[in-house]
Structure formats: C-alpha cells, structure tokens
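Visitor: Just so it is clear, I am handing over query21.csv, which has CSV, C-alpha atoms and all ligand atoms.
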```csv
chain,number,residue,atom,x,y,z
A,1276,MET,CA,116.4,91.4,77.1
A,1277,PRO,CA,114.7,94.6,76.0
A,1278,LEU,CA,113.2,96.9,78.5
A,1279,ILE,CA,109.7,95.6,79.2
A,1280,PRO,CA,106.4,97.2,80.2
A,1281,MET,CA,106.0,97.6,83.9
A,1282,ARG,CA,102.5,96.1,83.7
A,1283,VAL,CA,103.9,92.7,82.8
A,1284,MET,CA,106.1,92.7,85.9
A,1285,LEU,CA,103.4,93.9,88.2
A,1286,ASP,CA,100.9,91.3,86.9
A,1287,HIS,CA,103.6,88.6,87.6
A,1288,ALA,CA,104.2,90.0,91.0
A,1289,ALA,CA,100.4,89.9,91.7
A,1290,GLU,CA,100.1,86.3,90.5
A,1291,ASN,CA,102.9,85.3,92.8
A,1292,GLY,CA,102.3,87.5,95.8
A,1293,TYR,CA,105.4,89.7,95.8
A,1294,GLY,CA,106.3,93.4,95.5
A,1295,VAL,CA,108.8,95.1,93.3
A,1296,GLY,CA,111.0,98.0,94.5
A,1297,ALA,CA,111.1,101.0,92.2
A,1298,PHE,CA,114.4,102.8,92.7
A,1299,ASN,CA,115.2,106.3,91.6
A,1300,VAL,CA,118.3,107.1,89.5
A,1301,ASN,CA,120.1,110.2,88.4
A,1302,ASN,CA,123.5,108.8,87.2
A,1303,MET,CA,125.5,105.8,86.1
A,1304,GLU,CA,126.5,104.6,89.5
A,1305,GLN,CA,122.9,104.4,90.8
A,1306,ILE,CA,121.9,102.4,87.7
A,1307,GLN,CA,124.9,100.1,88.3
A,1308,ALA,CA,124.1,99.7,91.9
A,1309,ILE,CA,120.5,98.6,91.1
A,1310,MET,CA,121.8,96.1,88.5
A,1311,MET,CA,124.4,94.8,90.9
A,1312,ALA,CA,121.7,94.1,93.4
A,1313,ALA,CA,119.4,92.6,90.8
A,1314,THR,CA,121.9,90.2,89.4
A,1315,GLU,CA,123.0,89.1,92.9
A,1316,THR,CA,119.4,88.4,93.9
A,1317,ASN,CA,118.1,87.4,90.5
A,1318,SER,CA,115.4,90.1,90.7
A,1319,PRO,CA,113.2,91.9,88.1
A,1320,VAL,CA,113.6,95.6,88.6
A,1321,ILE,CA,111.9,99.0,88.1
A,1322,VAL,CA,114.3,101.8,87.5
A,1323,GLN,CA,112.7,105.2,87.7
A,1324,ALA,CA,113.6,108.8,86.9
A,1325,SER,CA,111.9,111.9,88.2
A,1326,ARG,CA,111.6,115.1,86.1
A,1327,GLY,CA,114.5,116.4,88.1
A,1328,ALA,CA,116.5,113.3,87.3
A,1329,ARG,CA,115.8,113.6,83.6
A,1330,SER,CA,117.0,117.2,83.5
A,1331,TYR,CA,120.0,116.5,85.7
A,1332,SER,CA,121.2,113.5,83.7
A,1333,GLN,CA,119.8,114.6,80.3
A,1334,ASP,CA,117.4,112.2,78.6
A,1335,ASN,CA,120.0,110.9,76.0
A,1336,TYR,CA,122.5,109.9,78.7
A,1337,LEU,CA,119.8,108.3,80.7
A,1338,ARG,CA,118.4,106.4,77.7
A,1339,HIS,CA,121.8,105.0,76.7
A,1340,LEU,CA,122.7,104.1,80.3
A,1341,MET,CA,119.4,102.1,80.6
A,1342,LEU,CA,120.1,100.4,77.3
A,1343,ALA,CA,123.5,99.5,78.6
A,1344,ALA,CA,122.0,98.0,81.7
A,1345,ALA,CA,119.7,95.9,79.6
A,1346,GLU,CA,122.5,94.8,77.3
A,1347,LEU,CA,124.8,93.9,80.1
A,1348,ASN,CA,122.2,92.0,82.1
A,1349,PRO,CA,120.1,90.1,79.5
A,1350,GLN,CA,118.6,87.8,82.2
A,1351,ILE,CA,117.1,90.7,84.2
A,1352,PRO,CA,113.7,92.1,83.2
A,1353,ILE,CA,113.9,95.9,83.5
A,1354,ALA,CA,111.1,98.4,83.4
A,1355,MET,CA,112.0,102.1,82.9
A,1356,HIS,CA,109.5,104.4,84.6
A,1357,GLN,CA,108.8,108.1,84.7
A,1358,ASP,CA,108.3,109.0,88.3
A,1359,HIS,CA,105.8,111.8,89.1
A,1360,GLY,CA,105.1,113.0,85.6
A,1361,ASN,CA,103.4,116.4,86.2
A,1362,SER,CA,101.6,116.7,82.9
A,1363,PRO,CA,100.7,114.6,79.8
A,1364,GLU,CA,103.5,116.3,77.9
A,1365,THR,CA,106.1,115.1,80.4
A,1366,CYS,CA,104.7,111.5,80.1
A,1367,PHE,CA,104.7,111.8,76.3
A,1368,SER,CA,108.3,112.9,76.1
A,1369,ALA,CA,109.3,110.0,78.4
A,1370,ILE,CA,107.6,107.6,76.1
A,1371,ASP,CA,109.5,109.2,73.1
A,1372,GLN,CA,112.7,108.6,75.1
A,1373,GLY,CA,111.9,104.8,75.4
A,1374,PHE,CA,110.4,104.7,78.9
A,1375,THR,CA,108.2,101.6,79.2
A,1376,SER,CA,106.1,103.0,81.9
A,1377,VAL,CA,104.9,106.5,83.1
A,1378,MET,CA,103.3,108.0,86.1
A,1379,MET,CA,100.8,110.7,85.4
A,1380,ASP,CA,100.6,112.3,88.8
A,1381,GLY,CA,97.4,114.3,88.4
A,1382,SER,CA,96.8,114.4,92.1
A,1383,LEU,CA,98.7,117.7,91.9
A,1384,GLU,CA,98.4,120.4,89.3
A,1385,ALA,CA,101.2,120.8,86.7
A,1386,ASP,CA,103.2,122.9,89.2
A,1387,GLY,CA,103.7,119.7,91.2
A,1388,LYS,CA,102.5,121.4,94.4
A,1389,THR,CA,98.8,122.4,94.3
A,1390,PRO,CA,96.3,119.6,95.1
A,1391,ALA,CA,94.2,119.2,91.9
A,1392,THR,CA,90.5,118.5,91.6
A,1393,TYR,CA,89.2,115.0,90.8
A,1394,GLU,CA,88.0,116.1,87.4
A,1395,TYR,CA,91.5,117.5,86.5
A,1396,ASN,CA,93.1,114.3,87.6
A,1397,VAL,CA,90.8,112.1,85.6
A,1398,ASP,CA,91.2,114.3,82.5
A,1399,VAL,CA,95.1,114.3,82.4
A,1400,THR,CA,95.3,110.7,83.4
A,1401,LYS,CA,92.9,109.6,80.6
A,1402,GLN,CA,94.9,111.5,78.0
A,1403,VAL,CA,98.0,109.6,79.1
A,1404,VAL,CA,96.3,106.2,79.3
A,1405,ASN,CA,94.9,106.7,75.8
A,1406,LYS,CA,98.2,107.4,74.2
A,1407,ALA,CA,100.4,105.1,76.4
A,1408,HIS,CA,98.2,102.0,76.1
A,1409,GLY,CA,98.2,102.4,72.3
A,1410,LEU,CA,102.0,102.0,72.5
A,1411,GLY,CA,102.0,99.2,75.1
A,1412,VAL,CA,103.3,101.6,77.8
A,1413,THR,CA,102.1,101.2,81.4
A,1414,VAL,CA,100.4,104.0,83.3
A,1415,GLU,CA,100.6,104.7,87.0
A,1416,ALA,CA,98.2,107.3,88.4
A,1417,GLU,CA,97.8,108.8,91.9
A,1418,ILE,CA,94.7,109.6,94.0
A,1419,GLY,CA,95.1,111.5,97.2
A,1420,CYS,CA,98.2,113.6,98.1
A,1421,LEU,CA,101.3,112.6,100.0
A,1422,GLY,CA,102.4,114.7,103.0
A,1423,GLY,CA,105.9,116.2,103.5
A,1424,ILE,CA,106.5,119.8,104.6
A,1425,GLU,CA,110.2,119.7,105.4
A,1426,ASP,CA,111.7,118.5,102.1
A,1427,GLY,CA,110.0,120.7,99.6
A,1428,HIS,CA,108.6,117.8,97.6
A,1429,GLY,CA,105.1,117.7,96.3
A,1430,ALA,CA,102.3,119.6,98.0
A,1431,GLY,CA,104.3,120.4,101.1
A,1432,LEU,CA,101.3,119.4,103.3
A,1433,SER,CA,101.7,119.4,107.0
A,1434,GLY,CA,100.8,116.3,109.0
A,1435,GLU,CA,97.2,117.5,109.5
A,1436,GLU,CA,96.7,118.7,106.0
A,1437,ALA,CA,98.0,115.4,104.7
A,1438,GLN,CA,95.4,113.5,106.7
A,1439,GLU,CA,92.8,115.5,104.8
A,1440,HIS,CA,94.3,114.4,101.5
A,1441,LEU,CA,94.5,110.7,102.2
A,1442,THR,CA,93.1,108.4,99.5
A,1443,ASP,CA,89.4,107.9,99.8
A,1444,PRO,CA,88.7,104.2,98.9
A,1445,GLU,CA,85.4,105.0,97.2
A,1446,GLU,CA,87.0,107.7,95.1
A,1447,ALA,CA,89.9,105.4,94.2
A,1448,GLU,CA,87.4,102.8,92.9
A,1449,ARG,CA,85.6,105.4,90.7
A,1450,PHE,CA,89.0,106.8,89.6
A,1451,VAL,CA,90.2,103.5,88.2
A,1452,LYS,CA,86.9,102.9,86.4
A,1453,ASP,CA,87.1,106.5,85.0
A,1454,THR,CA,90.7,106.3,83.8
A,1455,GLY,CA,91.7,102.7,83.1
A,1456,CYS,CA,95.2,103.2,84.7
A,1457,ASP,CA,97.3,100.0,85.4
A,1458,ALA,CA,98.7,101.0,88.8
A,1459,LEU,CA,97.5,103.4,91.5
A,1460,ALA,CA,99.6,105.3,93.9
A,1461,VAL,CA,97.7,105.9,97.2
A,1462,ALA,CA,98.2,108.3,100.0
A,1463,ILE,CA,98.2,106.5,103.3
A,1464,GLY,CA,100.2,109.0,105.5
A,1465,THR,CA,103.7,108.7,104.0
A,1466,SER,CA,105.7,111.5,102.5
A,1467,HIS,CA,108.9,111.8,100.4
A,1468,GLY,CA,112.3,112.4,101.9
A,1469,ALA,CA,114.1,111.8,105.1
A,1470,TYR,CA,111.6,113.4,107.6
A,1471,LYS,CA,108.4,111.3,107.5
A,1472,PHE,CA,107.5,110.6,111.1
A,1473,THR,CA,108.8,111.9,114.4
A,1474,LYS,CA,108.3,108.5,116.1
A,1475,LYS,CA,107.9,105.0,114.9
A,1476,PRO,CA,104.6,105.2,113.0
A,1477,THR,CA,101.5,103.5,114.3
A,1478,GLY,CA,98.3,102.7,112.5
A,1479,ASP,CA,96.9,106.2,113.2
A,1480,VAL,CA,99.5,108.0,111.1
A,1481,LEU,CA,100.5,105.2,108.7
A,1482,LYS,CA,97.2,103.9,107.5
A,1483,MET,CA,97.8,100.4,106.3
A,1484,ASP,CA,94.2,99.6,106.8
A,1485,LEU,CA,93.3,101.9,103.9
A,1486,ILE,CA,95.4,99.7,101.6
A,1487,ALA,CA,93.4,96.7,102.5
A,1488,ASP,CA,90.1,98.5,101.9
A,1489,ILE,CA,91.3,99.8,98.5
A,1490,HIS,CA,92.6,96.4,97.5
A,1491,ARG,CA,89.2,94.8,98.4
A,1492,ARG,CA,87.5,97.2,96.0
A,1493,LEU,CA,90.1,97.1,93.3
A,1494,PRO,CA,91.6,93.6,93.4
A,1495,ASP,CA,92.9,93.9,89.8
A,1496,THR,CA,94.7,97.3,90.2
A,1497,HIS,CA,98.3,97.3,91.3
A,1498,LEU,CA,98.8,99.5,94.3
A,1499,VAL,CA,101.8,101.7,94.7
A,1500,MET,CA,103.4,103.0,97.9
A,1501,HIS,CA,105.4,106.2,97.5
A,1502,GLY,CA,107.6,107.6,100.2
A,1503,SER,CA,108.6,104.1,101.2
A,1504,SER,CA,112.1,104.6,102.5
A,1505,SER,CA,112.7,103.2,105.9
A,1506,VAL,CA,115.3,105.8,106.9
A,1507,PRO,CA,117.5,103.3,108.7
A,1508,ARG,CA,119.1,104.7,111.8
A,1509,GLU,CA,122.5,103.1,111.0
A,1510,LEU,CA,122.6,105.0,107.6
A,1511,VAL,CA,121.7,108.3,109.3
A,1512,GLU,CA,124.3,107.7,112.0
A,1513,ILE,CA,127.1,107.2,109.5
A,1514,ILE,CA,126.3,110.5,107.8
A,1515,ASN,CA,126.2,112.3,111.2
A,1516,GLU,CA,129.4,110.6,112.5
A,1517,PHE,CA,131.3,112.0,109.5
A,1518,GLY,CA,130.2,115.6,109.6
A,1519,GLY,CA,126.5,115.4,108.5
A,1520,GLY,CA,123.7,117.1,110.3
A,1521,LEU,CA,120.5,115.0,109.9
A,1522,LYS,CA,117.8,115.3,112.4
A,1523,GLU,CA,116.3,112.2,114.1
A,1524,SER,CA,113.4,110.8,112.0
A,1525,TYR,CA,111.5,107.6,111.3
A,1526,GLY,CA,110.6,106.1,108.0
A,1527,VAL,CA,108.2,103.4,106.8
A,1528,PRO,CA,109.1,100.1,108.6
A,1529,VAL,CA,109.9,97.3,106.1
A,1530,GLU,CA,107.3,95.1,108.0
A,1531,ALA,CA,104.6,97.6,107.2
A,1532,ILE,CA,105.5,97.4,103.5
A,1533,GLN,CA,105.4,93.6,103.7
A,1534,GLU,CA,101.9,93.9,105.2
A,1535,GLY,CA,101.0,96.1,102.2
A,1536,ILE,CA,102.3,93.5,99.8
A,1537,LYS,CA,99.8,91.0,101.3
A,1538,HIS,CA,97.1,93.5,100.4
A,1539,GLY,CA,97.8,94.4,96.8
A,1540,VAL,CA,100.9,96.7,97.0
A,1541,ARG,CA,103.0,95.7,94.0
A,1542,LYS,CA,105.3,98.7,93.5
A,1543,ILE,CA,107.3,100.3,96.3
A,1544,ASN,CA,109.1,103.5,95.7
A,1545,VAL,CA,112.5,104.0,97.4
A,1546,ASP,CA,114.9,106.9,96.8
A,1547,THR,CA,115.9,108.4,100.1
A,1548,ASP,CA,117.4,105.3,101.6
A,1549,ASN,CA,119.7,105.0,98.6
A,1550,ARG,CA,120.6,108.7,98.9
A,1551,LEU,CA,121.5,108.2,102.6
A,1552,ALA,CA,123.7,105.1,101.8
A,1553,ILE,CA,125.6,107.0,99.1
A,1554,THR,CA,126.1,110.1,101.1
A,1555,GLY,CA,127.3,108.2,104.2
A,1556,ALA,CA,129.8,106.2,102.2
A,1557,ILE,CA,131.2,109.3,100.5
A,1558,ARG,CA,131.5,111.2,103.8
A,1559,LYS,CA,133.1,108.3,105.5
A,1560,LEU,CA,135.7,107.7,102.8
A,1561,LEU,CA,136.7,111.3,102.5
A,1562,ALA,CA,136.8,111.8,106.3
A,1563,GLU,CA,139.0,108.7,106.8
A,1564,LYS,CA,141.2,109.3,103.8
A,1565,PRO,CA,141.5,113.0,103.4
A,1566,GLU,CA,144.3,112.6,100.9
A,1567,LYS,CA,141.9,111.0,98.3
A,1568,PHE,CA,140.6,113.1,95.4
A,1569,ASP,CA,139.9,110.6,92.6
A,1570,PRO,CA,136.1,110.3,92.3
A,1571,ARG,CA,136.4,106.6,91.8
A,1572,ASP,CA,137.8,106.3,95.4
A,1573,TYR,CA,134.5,107.5,96.9
A,1574,MET,CA,132.0,106.6,94.1
A,1575,LYS,CA,132.9,102.9,94.3
A,1576,PRO,CA,132.0,102.5,98.0
A,1577,ALA,CA,129.0,104.7,97.5
A,1578,ARG,CA,127.8,102.4,94.7
A,1579,GLU,CA,128.4,99.4,96.9
A,1580,ALA,CA,126.5,100.9,99.8
A,1581,MET,CA,123.5,101.7,97.6
A,1582,ALA,CA,123.6,98.1,96.1
A,1583,GLU,CA,123.5,96.7,99.7
A,1584,VAL,CA,120.3,98.7,100.5
A,1585,VAL,CA,118.7,97.8,97.2
A,1586,LYS,CA,119.6,94.1,97.7
A,1587,ALA,CA,118.0,94.1,101.2
A,1588,ARG,CA,114.8,95.7,99.8
A,1589,MET,CA,114.6,93.2,96.9
A,1590,ILE,CA,114.8,90.3,99.4
A,1591,ALA,CA,112.3,91.9,101.8
A,1592,PHE,CA,109.8,92.7,99.1
A,1593,GLY,CA,110.0,89.2,97.7
A,1594,GLN,CA,111.1,90.0,94.2
A,1595,ALA,CA,114.4,88.1,94.6
A,1596,GLY,CA,114.6,84.9,92.7
A,1597,TRP,CA,111.9,85.8,90.1
A,1598,ALA,CA,113.9,87.4,87.3
A,1599,GLU,CA,113.8,84.5,84.9
A,1600,LYS,CA,110.1,83.7,85.5
A,1601,VAL,CA,108.8,87.1,84.4
A,1602,PRO,CA,107.4,86.7,80.9
A,1603,VAL,CA,109.1,88.8,78.2
A,1604,VAL,CA,106.4,90.8,76.5
A,1605,SER,CA,107.2,93.5,73.9
A,1606,LEU,CA,105.5,96.9,73.9
A,1607,GLU,CA,103.8,95.9,70.6
A,1608,ALA,CA,102.3,92.7,72.1
A,1609,MET,CA,101.3,94.7,75.2
A,1610,ALA,CA,99.5,97.3,73.1
A,1611,LYS,CA,97.4,94.6,71.5
A,1612,ARG,CA,96.4,93.3,74.9
A,1613,TYR,CA,94.8,96.6,75.9
B,1,LIG,O1,109.6,112.0,94.1
B,1,LIG,C1,110.6,111.9,94.8
B,1,LIG,C2,111.8,111.2,94.4
B,1,LIG,O2,112.6,111.0,95.5
B,1,LIG,C3,112.6,112.0,93.3
B,1,LIG,O3,113.1,113.1,93.9
B,1,LIG,O4,112.4,115.0,92.4
B,1,LIG,O5,114.4,115.2,93.9
B,1,LIG,O6,114.5,113.7,91.8
B,1,LIG,P1,113.6,114.3,92.9
B,2,LIG,P1,111.3,108.1,99.5
B,2,LIG,O1,111.7,109.6,99.6
B,2,LIG,O2,110.7,107.6,100.8
B,2,LIG,O3,112.5,107.3,99.1
B,2,LIG,O4,110.2,108.0,98.4
B,2,LIG,C1,110.6,108.0,97.0
B,2,LIG,C2,109.4,108.1,96.1
B,2,LIG,O5,108.3,107.9,96.5
B,2,LIG,C3,109.7,108.4,94.7
B,2,LIG,O6,108.5,108.6,94.0
B,3,ZN,ZN,106.9,109.5,94.9
```
Kindly return the structure encoded in the file as structure tokens.
Guide:
Amino acid sequence: MPLIPMRVMLDHAAENGYGVGAFNVNNMEQIQAIMMAATETNSPVIVQASRGARSYSQDNYLRHLMLAAAELNPQIPIAMHQDHGNSPETCFSAIDQGFTSVMMDGSLEADGKTPATYEYNVDVTKQVVNKAHGLGVTVEAEIGCLGGIEDGHGAGLSGEEAQEHLTDPEEAERFVKDTGCDALAVAIGTSHGAYKFTKKPTGDVLKMDLIADIHRRLPDTHLVMHGSSSVPRELVEIINEFGGGLKESYGVPVEAIQEGIKHGVRKINVDTDNRLAITGAIRKLLAEKPEKFDPRDYMKPAREAMAEVVKARMIAFGQAGWAEKVPVVSLEAMAKRY
C-alpha cells in the first residue's frame, strides 16, 4: 500500500470513535518497532519526523526507509507526517520528500521558541494549506503553546506561563475557519519530554475539559494531543537501575487520553515513552553483559522494548484491528476532494 494522506486515517478514526498514535522516528529501528507493533495489532499508523529527525537521519534515508516500511507491510495504512514544521518552507520540503501530511506549527515563530501572534499563525498556516491541499497532503496546525521548561523544547514556558498560553476555544473556532486546516493541535497543559508534571495531573493542570469545549465548537476538526507520553514509572526505573539519572516525574495518564478520544482527539503524539523504552533496554543489556559490543546485541532488545510500548498504546487508543478497514485514497484523489 502506498503512504496515504493522514486526513483519510483521521476521518476513519472519527467515524469509528478511535484515536491514532503518532510516533516519532529518527532511525531504522524505530520505524521497524512501529511496524512490528502495527502488524501485530493490525493497526493503521502515523509515523512522524521532527525537523531534528530529518536532519539527523537525512531526508533520503528517511524516505527510503518509509517506502521500505510500506513495501514490507502492504496491509498497513501508513501516513508520513512532518512534526512541528517551523515554517512553510519546512513543510514544502517535507512534501517534496514524499510526506503525506505536515504540521505547520505557527503557534511559535520560525525560531520554534517565541510565541507568535494570531495573525502570523493564520498567515503561515494558510500558505501551507493552500499548497498542501492542492497536492492532497493533510495539514495539522496548532493554536496555543505547549509548556515545558526543563527539556528545551518549544517555547520553554514555565507552568504558569503555559497556563496563559492554553488554547482559547473561541480562538480555535475562528482559527479553523480562517485557515481550513484538517487537524488542530491544542494546548491543554501538557509539555514535551520526560518532565511534564510533578504529581499525577488533576483537571486543574491537565485541562481535558478544554478538549470537550473545543470539540463542541469544531465537531469536524480532528484534535491532536501533543506531549502525550505517559512516562511510565517502570521504564524510568529500568533506566535508573542501570546507571541512569532521571528525576521523578508524571506524564499524561492513558485514561486521560482515552477521555480525550471520546471528545474528538484523533491523533496522539508519543515520542518520550519510546525513547525511555529504548534507553532502558540498551542500558540493561550493556550493564548485564558488559562483554557485548555488537550494536545488534543492544539494538534488538531496544527495538523490541519500543514495539511493546507502541503496541500497548495502539490497543489503548483503539486503533488496533482497523488496518484493513481504512480506505486507501491516493494523494491525487484527496486533492480533488478539497
Ligand atoms: O516535538 C517533540 C518530539 O519529541 C521531537 O523531538 O525535536 O528532539 O526530534 P526532537
Ligand atoms: P512526548 O514528549 O510527550 O512524547 O510528546 C511528543 C510530541 O508531542 C511530538 O510532537
Ligand atoms: Zn509535539
């Protein structure tokens, strides 16, 4: 099966009330882990690459690895997505490289750090929508800014500043009308990375009620939850047991995501949990078998550990079992629908 537009997958998820995990990749093993989990659970998948991932892995390697994933798993619908495009140019270059979906994150300026104005966000998002839809490519946009001061991602907002940049439901409604984006990332109190919350989040820091309000206003827009890793204690413990030094922290509980899925969340971004699984497996193998130096000896358990996390998320989000039911729509056919 060729790579398909993400919109097709999210429409199907909305019709059938499930969510789709979007997992970040930087190398072959991460792509393989996702495909292992997808084939085992019969799930449609979104594979996404950040700007950093694209420069780390190089676009040509990434493109051919994704084509290999599609060739080897013809029964699995796959969307290839640019995560956090910082400018129209980044999104256009992703489209040139065969990505079937792009995120124009105009909530921040092109430096990826400074919160942008509404007008700037609309302007850059519209430029991307105009070009992408003409080619059948899906567009995710973002309104409101994620928090996250410790990990150096995004705006680096403190907890209090992040509260000021939560998505305003009224503005979200206007933004979708002004831009015509397919999917909308919303800021509800989460942040990227391993340090999201200092205790199990309650409704005053993780604002799931905002999701319900936005969904009521925008029933046809697919909502996206970024920063959705759950930071499982057992993964952190493996890392720390074998020489790591991670601080205690809490992520987004899977049950909160499931609640979001009931209220229009269709795409759930997960990267950190997979990073934790990989790092724990590598640390464990090298600590227990210090004589090993063949990368396959530690990359294989690392790949398996990531596949286990992805599999669990696919089941929890409800995408498991749907692979064959997602309609195969080409980019050309999708372009005609817009
Ligand atoms: O946006 C956050 C994702 O986890 C990607 O992270 O920019 O370090 O590749 P990255
Ligand atoms: P996590 O850091 O919570 O995995 O979030 C990833 C993400 O939102 C990528 O865009
Ligand atoms: Zn993100």
Visitor: I need the residue nearest ligand LIG 2 (chain B) from this list: A:Gly1327, A:Gly1535, A:Gly1520, A:Pro1576. Use all atoms listed in the file for the distance.
Guide: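 Under the stated criterion, the closest residue is A:Gly1327.
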Visitor: CA of Ile1351 in chain A to CA of Met1276 in chain A: how many Å, to one decimal?
Guide: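 Taking CA of Ile1351 in chain A as the start and CA of Met1276 in chain A as the end point, the length is 7.2 Å.
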Visitor: Mind listing the residues within 10 Å of ligand LIG 1 (chain B), all atoms listed in the file counted, as a VMD selection string?
Guide: chain A and resid 1298 to 1301 1323 to 1331 1358 to 1360 1387 1426 to 1429 1466 to 1469 1501 to 1504 1544 to 1550
Visitor: Nearest to Leu1459 in chain A among A:Val1414, A:Ala1288, A:Ala1312, A:Ile1306, with distances taken over all atoms listed in the file: which residue is it?
Guide: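 Result for the nearest residue to Leu1459 in chain A: A:Val1414.
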Visitor: Find the distance between CA of Val1399 in chain A and CA of Thr1375 in chain A and write it in Å to one decimal.
Guide: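 Atom-to-atom, CA of Val1399 in chain A to CA of Thr1375 in chain A, that is 18.5 Å.
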Visitor: Name the residues in contact with range 1579-1595 of chain A at a cut-off of 7 Å, using all atoms listed in the file, excluding same-chain residues fewer than 4 positions from it; report them as a list in words.
Guide: Tyr1293, Gly1294, Val1295, Gly1296, Ala1308, Ile1309, Met1311, Ala1312, Thr1316, Asn1317, Ser1318, Pro1319, Gln1533, Asn1549, Ala1552, Ile1553, Ala1556 and Lys1575 of chain A
Visitor: Could you check which residues have any atom within 12 Å of (85.0, 94.4, 94.1), counting only C-alpha atoms with coordinates taken straight from the file, and then list them as a list in words?
Guide: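 Output: Pro1444, Glu1445, Glu1448, Arg1449, Lys1452, Asp1488, Ile1489, His1490, Arg1491, Arg1492, Leu1493, Pro1494, Asp1495 and Thr1496 of chain A.
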Visitor: Rounded to one decimal, what separation in Å do you get between CA of Val1604 in chain A and CA of Lys1537 in chain A?
Guide: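 Here the two named atoms are 25.7 Å from each other.
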Visitor: Given all atoms listed in the file as the basis, pick out the residue of A:Pro1363, A:Gly1422, A:Pro1280, A:Pro1507 nearest to ligand ZN 3 (chain B).
Guide: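 Result for the nearest residue to ligand ZN 3 (chain B): A:Gly1422.
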Visitor: If we draw a sphere of 12 Å around (115.3, 95.1, 79.3), which residues have at least one atom in it when counting all atoms listed in the file? Please report them as a ChimeraX atom specification.
Guide: /A:1276-1281,1284,1310,1319-1322,1338,1340-1355,1373-1375,1598,1601-1606
Visitor: Nearest to ligand ZN 3 (chain B) among A:Val1461, A:Ile1536, A:Met1483, A:Cys1456, with distances taken over only C-alpha atoms and all ligand atoms: which residue is it?
Guide: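 Looking only at the distances to ligand ZN 3 (chain B), the closest residue turns out to be A:Val1461.
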Visitor: Just checking: using all atoms listed in the file, which residue out of A:Ala1437, A:Val1451, A:Val1403, A:Met1574 ends up closest to Gly1464 in chain A?
Guide: A:Ala1437
Visitor: Can you work out which one of A:Thr1314, A:Arg1282, A:Cys1420, A:Leu1441 has the shortest atom-to-atom distance to ligand ZN 3 (chain B), counting all atoms listed in the file?
Guide: A:Cys1420
